[in-house]
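Undergrad: Quick one: the structure is below, questions incoming.
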Amino acid sequence: MCGIAGVFKLENAESLVQQILFAIQHRGQESCGLAVRARDGAVHSHRGMGLVKNVLSPELLAQFQGDTAIGHVRYPTAGSSNLLNTQPHAIDLAEGPHIAICSNGDIINYGEIRARLEKEHGFTFKSDNDAELIGRLIAFYHVIHKEPVEEAIFKTQHELKGAFSSLLMYRDKLYAFRDPHGLRPFVMGHVDYQGGAQIPSQGTVFSSESCGFGIVGAQMLREVEPGEIIKLEPGAPIETVRRGEKERRHCVFELIYFSRPDSLCFGELVYDVRNKIGAALASRDHDLPLGDDLVVIPVPDSSNFVAHGYARARNLPYEMGLLRNHYVGRTFIQPSQKKRDEGVKQKFNPLPAYFPGKRVVLVDDSIVRGTSLRKIVRMLKTSGAKEVHVRIGSPPVIGPCYYGIDTPTEEELVANRMSVPDIAEFLSADSLRYLDIGDFSSILKFPETFCYACFNKDYIYPPQDFGHKLNVPDTQRC
Ligand code: SF4
């Protein structure tokens, strides 16, 4: 998971991109960067390790002024803290012109395409990053095969296997394109669209999530559709091409965990979906007796709305019994168990004198390894909770993700090693219930358009396609 942002033909595009990136910082905290086209046509880029507010400071932005810009926040993964792999990539080809590209996703056939470009066509790569591969493949079709850029993007789009929501700056144009399955979210907005069939290119903005638009005064227009190529050119309306759309497979985990609750994602209001997940969990929980001592507590923040939906459905008190330190990042993506354990202690603290005598419904969005949740359950019991009943807003995670989410290997996923009662015992929980996978059909508007592979291993690409991917370092991820 990463986040991307783009702005076309607006004053101080670099600041607007910085603000969108700030709004989608939850999608990646390892590093960030931007590329700006200055008024003289030159493309400048800056990338650094760390948060948007530190790397893309006002002092730095003052040196990078322009009217078109793209930017990226990167998701931290083990062994990937490497400046070369940060985005956007500026590709200054000996064979042709300068382009800048950023992307969110994961390319399954990365190794195969890179080997071909290197061995057969003499390309040199500066990083191990998917976005550079996408940029060089487009350059290959455009510069060597003399295809128009739109055709080069189309060929690239259909040669790549995997997830990619991408922005490409080329001369005075900006292109937005997405993989044909639409795995990762990608939305388009406008700062002054007044209606009408033709939308002017000038003033168009892009973001991984719609929560990035309010901060720059943009209204959401729509999603960049799966398989679509959008072309923005100065003085022209938005042009769009869509050919060869494939079966939609939106990542359902975006709705469960990754996206911000105030985003509109895949046609769904994220907070609404999470509320409904909570209600679905509650509807199966009649064997847990009500009582004055029963309270519902989320593991903040991604479970807040699920817990709220559960509490409302059963008419129970909803309490923020666990306080979260917002200066600690997402713990499950920390590279070692020791770091994850330290992260849980730094991140969560129970309300003092609140838990004695209480039965707690503790709601979390998912269980990956189970080790963080075990620490939280123990924390509540040590604080005096009489019982802790764990409710999970997703089905058991049994398969790793190969499309841009850094979930662990199958062996590390606790639901692969243990039955539900055994996981409850491992957590020291008095009971444990997951969301039933079938409940998605009553929660989502178009449940058949989603990927559920981490719950049912029904991957878009057959497992043999992942062979080389499993043997490469995480540095190839977005
Ligand atoms: S495997 Fe899971 S995390 Fe990955 S895209 Fe599919 S639903 Fe999302």
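As shown in the structure tokens, the chain order sets the letters A, B, ...; within each chain, residues go from 1, and ligands are also counted from 1 in the order they appear.
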Apply DSSP to the structure's backbone, then extract all residues of range 152-245 of chain A labelled strand (DSSP E) and return them as a PyMOL selection string.
TA: chain A and resi 162-170+173-178+187-190+204-207+219-223+228-232+239-242
Undergrad: Taking a cut-off of 10 Å and counting only C-alpha atoms and all ligand atoms, can you build a table that, for each residue of chain A near ligand 1, reports the nearest atom pair and how far apart they are in Å (one decimal), sorted by chain then residue number, as a Markdown table?
TA:
```
| residue | atom | partner | partner_atom_place_in_ligand_line | distance |
| --- | --- | --- | --- | --- |
| A:Met1 | CA | ligand 1 | 3 (S) | 9.1 |
| A:Gly105 | CA | ligand 1 | 5 (S) | 9.2 |
| A:Asp106 | CA | ligand 1 | 5 (S) | 9.7 |
| A:Gly162 | CA | ligand 1 | 5 (S) | 9.3 |
| A:Ala163 | CA | ligand 1 | 5 (S) | 8.1 |
| A:Gly182 | CA | ligand 1 | 5 (S) | 9.8 |
| A:Leu183 | CA | ligand 1 | 5 (S) | 6.1 |
| A:Arg184 | CA | ligand 1 | 5 (S) | 7.5 |
| A:Arg249 | CA | ligand 1 | 6 (Fe) | 7.6 |
| A:His250 | CA | ligand 1 | 5 (S) | 6.9 |
| A:Cys251 | CA | ligand 1 | 8 (Fe) | 3.7 |
| A:Val252 | CA | ligand 1 | 7 (S) | 4.7 |
| A:Phe253 | CA | ligand 1 | 8 (Fe) | 4.8 |
| A:Glu254 | CA | ligand 1 | 8 (Fe) | 6.8 |
| A:Leu255 | CA | ligand 1 | 8 (Fe) | 9.3 |
| A:Ile256 | CA | ligand 1 | 7 (S) | 9.5 |
| A:Tyr257 | CA | ligand 1 | 3 (S) | 9.5 |
| A:Phe258 | CA | ligand 1 | 3 (S) | 9.3 |
| A:Val397 | CA | ligand 1 | 2 (Fe) | 8.2 |
| A:Ile398 | CA | ligand 1 | 2 (Fe) | 9.5 |
| A:Gly399 | CA | ligand 1 | 1 (S) | 6.9 |
| A:Pro400 | CA | ligand 1 | 1 (S) | 6.4 |
| A:Cys401 | CA | ligand 1 | 4 (Fe) | 3.9 |
| A:Tyr402 | CA | ligand 1 | 4 (Fe) | 6.0 |
| A:Tyr403 | CA | ligand 1 | 5 (S) | 5.2 |
| A:Gly404 | CA | ligand 1 | 4 (Fe) | 6.7 |
| A:Ile405 | CA | ligand 1 | 3 (S) | 5.5 |
| A:Asp406 | CA | ligand 1 | 3 (S) | 8.2 |
| A:Thr407 | CA | ligand 1 | 3 (S) | 7.6 |
| A:Phe450 | CA | ligand 1 | 7 (S) | 7.3 |
| A:Cys451 | CA | ligand 1 | 6 (Fe) | 4.4 |
| A:Tyr452 | CA | ligand 1 | 7 (S) | 4.2 |
| A:Ala453 | CA | ligand 1 | 1 (S) | 4.2 |
| A:Cys454 | CA | ligand 1 | 2 (Fe) | 4.1 |
| A:Phe455 | CA | ligand 1 | 2 (Fe) | 6.9 |
| A:Asn456 | CA | ligand 1 | 1 (S) | 8.8 |
| A:Lys457 | CA | ligand 1 | 1 (S) | 7.4 |
| A:Asp458 | CA | ligand 1 | 1 (S) | 8.3 |
| A:Tyr459 | CA | ligand 1 | 1 (S) | 7.0 |
| A:Ile460 | CA | ligand 1 | 6 (Fe) | 8.6 |
```
Undergrad: With N, CA, C and O atoms retained, could you export that selection as a short mmCIF file (atom, residue, chain, number, x, y, z; two decimals), in the first residue's frame?
TA:
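Saved to result_11.cif:
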```cif
data_model
loop_
_atom_site.label_atom_id
_atom_site.label_comp_id
_atom_site.auth_asym_id
_atom_site.auth_seq_id
_atom_site.Cartn_x
_atom_site.Cartn_y
_atom_site.Cartn_z
N MET A 1 0.84 -1.19 0.00
CA MET A 1 0.00 0.00 0.00
C MET A 1 0.88 1.25 0.00
O MET A 1 1.84 1.35 0.73
N GLY A 105 0.87 0.01 -5.91
CA GLY A 105 0.48 -1.36 -6.25
C GLY A 105 1.66 -2.29 -6.19
O GLY A 105 2.65 -2.02 -5.52
N ASP A 106 1.55 -3.39 -6.90
CA ASP A 106 2.60 -4.40 -6.89
C ASP A 106 2.53 -5.18 -8.19
O ASP A 106 1.46 -5.64 -8.58
N GLY A 162 -0.78 -7.50 -12.11
CA GLY A 162 -0.74 -7.00 -10.74
C GLY A 162 -1.56 -5.74 -10.58
O GLY A 162 -2.45 -5.46 -11.38
N ALA A 163 -1.23 -5.00 -9.53
CA ALA A 163 -1.99 -3.80 -9.18
C ALA A 163 -1.16 -2.57 -9.50
O ALA A 163 0.03 -2.53 -9.18
N GLY A 182 -8.55 -2.91 -11.42
CA GLY A 182 -8.88 -1.85 -10.46
C GLY A 182 -8.62 -2.24 -9.02
O GLY A 182 -9.42 -1.94 -8.13
N LEU A 183 -7.47 -2.88 -8.80
CA LEU A 183 -7.20 -3.40 -7.45
C LEU A 183 -7.07 -2.31 -6.39
O LEU A 183 -7.66 -2.40 -5.32
N ARG A 184 -6.25 -1.31 -6.68
CA ARG A 184 -6.04 -0.23 -5.68
C ARG A 184 -6.94 0.96 -6.00
O ARG A 184 -7.23 1.21 -7.18
N ARG A 249 -11.63 -6.43 -9.61
CA ARG A 249 -11.22 -7.08 -8.37
C ARG A 249 -10.69 -6.02 -7.41
O ARG A 249 -9.49 -5.91 -7.16
N HIS A 250 -11.58 -5.21 -6.89
CA HIS A 250 -11.15 -4.18 -5.93
C HIS A 250 -10.73 -4.85 -4.62
O HIS A 250 -11.39 -5.79 -4.16
N CYS A 251 -9.70 -4.31 -4.01
CA CYS A 251 -9.20 -4.89 -2.75
C CYS A 251 -10.18 -4.60 -1.62
O CYS A 251 -10.35 -3.45 -1.20
N VAL A 252 -10.79 -5.65 -1.08
CA VAL A 252 -11.79 -5.45 -0.02
C VAL A 252 -11.14 -4.96 1.28
O VAL A 252 -11.78 -4.33 2.11
N PHE A 253 -9.83 -5.23 1.40
CA PHE A 253 -9.12 -4.80 2.60
C PHE A 253 -9.01 -3.27 2.69
O PHE A 253 -8.83 -2.71 3.77
N GLU A 254 -9.12 -2.59 1.55
CA GLU A 254 -9.14 -1.13 1.58
C GLU A 254 -10.33 -0.65 2.43
O GLU A 254 -10.23 0.32 3.16
N LEU A 255 -11.45 -1.35 2.27
CA LEU A 255 -12.65 -0.94 3.02
C LEU A 255 -12.57 -1.37 4.48
O LEU A 255 -13.08 -0.68 5.37
N ILE A 256 -11.91 -2.49 4.72
CA ILE A 256 -11.83 -3.02 6.09
C ILE A 256 -10.82 -2.24 6.93
O ILE A 256 -11.06 -1.94 8.10
N TYR A 257 -9.69 -1.90 6.33
CA TYR A 257 -8.58 -1.39 7.14
C TYR A 257 -7.85 -0.19 6.56
O TYR A 257 -7.62 0.79 7.26
N PHE A 258 -7.48 -0.24 5.25
CA PHE A 258 -6.49 0.73 4.79
C PHE A 258 -7.02 2.13 4.55
O PHE A 258 -6.38 3.10 4.93
N VAL A 397 -7.67 -14.24 7.98
CA VAL A 397 -6.69 -13.99 6.91
C VAL A 397 -5.83 -15.25 6.77
O VAL A 397 -5.09 -15.62 7.67
N ILE A 398 -5.96 -15.91 5.60
CA ILE A 398 -5.23 -17.17 5.40
C ILE A 398 -4.24 -17.11 4.23
O ILE A 398 -3.44 -18.01 4.04
N GLY A 399 -4.31 -16.03 3.44
CA GLY A 399 -3.41 -15.95 2.28
C GLY A 399 -2.69 -14.62 2.24
O GLY A 399 -3.29 -13.59 2.52
N PRO A 400 -1.40 -14.63 1.89
CA PRO A 400 -0.67 -13.36 1.74
C PRO A 400 -1.23 -12.58 0.55
O PRO A 400 -1.86 -13.15 -0.34
N CYS A 401 -0.96 -11.30 0.54
CA CYS A 401 -1.37 -10.46 -0.57
C CYS A 401 -0.17 -10.22 -1.49
O CYS A 401 0.92 -9.93 -1.02
N TYR A 402 -0.39 -10.32 -2.79
CA TYR A 402 0.68 -10.05 -3.76
C TYR A 402 0.40 -8.79 -4.57
O TYR A 402 1.06 -8.53 -5.57
N TYR A 403 -0.57 -8.02 -4.13
CA TYR A 403 -1.01 -6.87 -4.92
C TYR A 403 -0.81 -5.55 -4.17
O TYR A 403 -1.65 -4.67 -4.24
N GLY A 404 0.26 -5.44 -3.41
CA GLY A 404 0.59 -4.15 -2.83
C GLY A 404 0.35 -4.02 -1.34
O GLY A 404 0.52 -2.95 -0.78
N ILE A 405 -0.04 -5.12 -0.68
CA ILE A 405 -0.20 -5.08 0.77
C ILE A 405 0.81 -6.07 1.34
O ILE A 405 0.84 -7.23 0.94
N ASP A 406 1.61 -5.61 2.29
CA ASP A 406 2.69 -6.46 2.76
C ASP A 406 2.24 -7.35 3.91
O ASP A 406 2.70 -7.22 5.03
N THR A 407 1.31 -8.28 3.64
CA THR A 407 0.94 -9.24 4.67
C THR A 407 2.02 -10.32 4.74
O THR A 407 2.71 -10.57 3.75
N PHE A 450 -15.13 -7.53 -5.97
CA PHE A 450 -14.02 -7.40 -5.01
C PHE A 450 -13.09 -8.62 -5.03
O PHE A 450 -13.48 -9.73 -5.37
N CYS A 451 -11.84 -8.34 -4.63
CA CYS A 451 -10.86 -9.41 -4.37
C CYS A 451 -10.96 -9.78 -2.90
O CYS A 451 -10.95 -8.91 -2.03
N TYR A 452 -11.10 -11.10 -2.63
CA TYR A 452 -11.14 -11.59 -1.25
C TYR A 452 -10.01 -12.61 -1.04
O TYR A 452 -10.10 -13.47 -0.18
N ALA A 453 -8.95 -12.52 -1.88
CA ALA A 453 -7.96 -13.60 -1.93
C ALA A 453 -7.28 -13.86 -0.59
O ALA A 453 -6.90 -14.99 -0.31
N CYS A 454 -7.12 -12.85 0.24
CA CYS A 454 -6.45 -13.14 1.51
C CYS A 454 -7.38 -13.90 2.46
O CYS A 454 -6.92 -14.40 3.49
N PHE A 455 -8.65 -14.02 2.10
CA PHE A 455 -9.58 -14.82 2.91
C PHE A 455 -9.91 -16.17 2.26
O PHE A 455 -10.31 -17.10 2.93
N ASN A 456 -9.79 -16.24 0.91
CA ASN A 456 -10.19 -17.50 0.25
C ASN A 456 -9.14 -18.00 -0.76
O ASN A 456 -9.37 -19.01 -1.42
N LYS A 457 -8.03 -17.29 -0.89
CA LYS A 457 -6.93 -17.65 -1.80
C LYS A 457 -7.37 -17.74 -3.27
O LYS A 457 -6.71 -18.41 -4.07
N ASP A 458 -8.45 -17.06 -3.60
CA ASP A 458 -8.90 -17.03 -4.99
C ASP A 458 -8.18 -15.85 -5.67
O ASP A 458 -8.74 -14.77 -5.84
N TYR A 459 -6.92 -16.07 -6.06
CA TYR A 459 -6.11 -15.00 -6.61
C TYR A 459 -6.44 -14.76 -8.09
O TYR A 459 -6.81 -15.71 -8.79
N ILE A 460 -6.28 -13.53 -8.54
CA ILE A 460 -6.54 -13.20 -9.94
C ILE A 460 -5.59 -13.97 -10.85
O ILE A 460 -5.95 -14.44 -11.90
#
```
Undergrad: Using only C-alpha atoms, which residue out of A:Arg74, A:Lys155, A:His46, A:Arg433 lies closest to Gly244 in chain A?
TA: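 Ranked by minimum distance to Gly244 in chain A, first place goes to A:Lys155.
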Undergrad: Please list as a ChimeraX atom specification every residue within 12 Å of Lys161 in chain A, counting only C-alpha atoms and excluding residues in the same chain fewer than 2 positions away.
TA: /A:105-113,130,134,155-159,163-164,178-183,246,402-403,459-462,465-466,469
Undergrad: Fewer than 3 positions away in the same chain doesn't count, so skip those; otherwise give me all residues within 6 Å of range 320-325 of chain A, counting only C-alpha atoms, as a list in words.
TA: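 Listed by chain and then number, they are Ile297, Lys347, Phe348, Asn349, Pro350 and Leu351 of chain A.
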Undergrad: Find the residues around range 16-22 of chain A up to 8 Å (only C-alpha atoms counted), leave out those fewer than 4 positions away in its own chain, and share them as a list in words.
TA: Gly3, Ile4, Ala5, Gly6, Val7, Asn12, Leu34, Val52, Lys53, Leu56, Ala69, Ile70, Gly71, His72, Val73, Ser207, Gly212, Phe213, Ile215 and Val216 of chain A
Undergrad: With distances taken over only C-alpha atoms, which of A:Gln65, A:Gln194, A:Gln29, A:Ser57 is nearest to Gly41 in chain A?
TA: A:Gln65
Undergrad: Sorted by chain and rising residue number, list the residues of range 233-341 of chain A at most 12 Å from range 135-150 of chain A (counting only C-alpha atoms), each with its closest atom pair and distance in Å to one decimal, as a tab-separated table.
TA:
```
residue	atom	partner	partner_atom	distance
A:Glu239	CA	A:Glu150	CA	10.6
A:Thr240	CA	A:Glu150	CA	9.8
A:Val241	CA	A:Glu150	CA	8.5
A:Arg242	CA	A:Glu150	CA	10.8
A:Arg243	CA	A:Glu150	CA	11.5
```
Undergrad: Those selected residues, please, written with N, CA and C atoms and delivered as a CSV table (one decimal), in the first residue's frame.
TA:
```csv
chain,number,residue,atom,x,y,z
A,239,GLU,N,-9.3,13.9,-21.8
A,239,GLU,CA,-9.5,12.9,-22.7
A,239,GLU,C,-9.4,11.5,-22.0
A,240,THR,N,-10.2,10.6,-22.4
A,240,THR,CA,-10.1,9.3,-21.7
A,240,THR,C,-10.3,8.1,-22.7
A,241,VAL,N,-9.5,7.1,-22.5
A,241,VAL,CA,-9.6,5.9,-23.3
A,241,VAL,C,-9.7,4.7,-22.4
A,242,ARG,N,-10.6,3.8,-22.8
A,242,ARG,CA,-10.8,2.6,-22.0
A,242,ARG,C,-11.0,1.4,-23.0
A,243,ARG,N,-10.0,0.5,-23.0
A,243,ARG,CA,-10.1,-0.6,-23.8
A,243,ARG,C,-9.7,-1.9,-23.0
```
Undergrad: So that I can check the surroundings of range 358-360 of chain A, please list as an NGL selection string every protein, DNA and RNA residue that reaches within 9 Å of it, counting only C-alpha atoms and ignoring chain neighbours fewer than 5 positions away.
TA: :A and (291-297 or 380 or 384-390)
Undergrad: Need to verify the contact set: Val55 in chain A, 10 Å, only C-alpha atoms, exclusion of same-chain residues closer than 4 positions in sequence. Can you return it as number ranges by chain?
TA: A: 18, 31-34, 46-51, 60-61
Undergrad: Atoms to include: C-alpha atoms. Write the selected residues as an mmCIF file, in the first residue's frame.
TA:
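Result file out_6.cif:
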```
data_model
loop_
_atom_site.group_PDB
_atom_site.id
_atom_site.type_symbol
_atom_site.label_atom_id
_atom_site.label_comp_id
_atom_site.auth_asym_id
_atom_site.auth_seq_id
_atom_site.Cartn_x
_atom_site.Cartn_y
_atom_site.Cartn_z
ATOM 1 C CA GLN A 18 2.059 18.100 -0.592
ATOM 2 C CA SER A 31 9.241 7.938 2.626
ATOM 3 C CA CYS A 32 7.706 10.410 0.241
ATOM 4 C CA GLY A 33 8.511 12.627 -2.684
ATOM 5 C CA LEU A 34 7.256 14.788 -5.477
ATOM 6 C CA HIS A 46 12.766 15.571 -4.476
ATOM 7 C CA ARG A 47 12.457 12.379 -2.444
ATOM 8 C CA GLY A 48 13.338 11.601 1.120
ATOM 9 C CA MET A 49 12.907 9.166 3.978
ATOM 10 C CA GLY A 50 10.292 10.204 6.499
ATOM 11 C CA LEU A 51 6.931 11.898 6.810
ATOM 12 C CA LEU A 60 11.844 22.908 0.268
ATOM 13 C CA LEU A 61 8.629 23.537 -1.658
#
```
Undergrad: Which of these residues is nearest to Ala62 in chain A, using only C-alpha atoms: A:Ile99, A:Leu174, A:Ala38, A:Ile443?
TA: A:Ala38
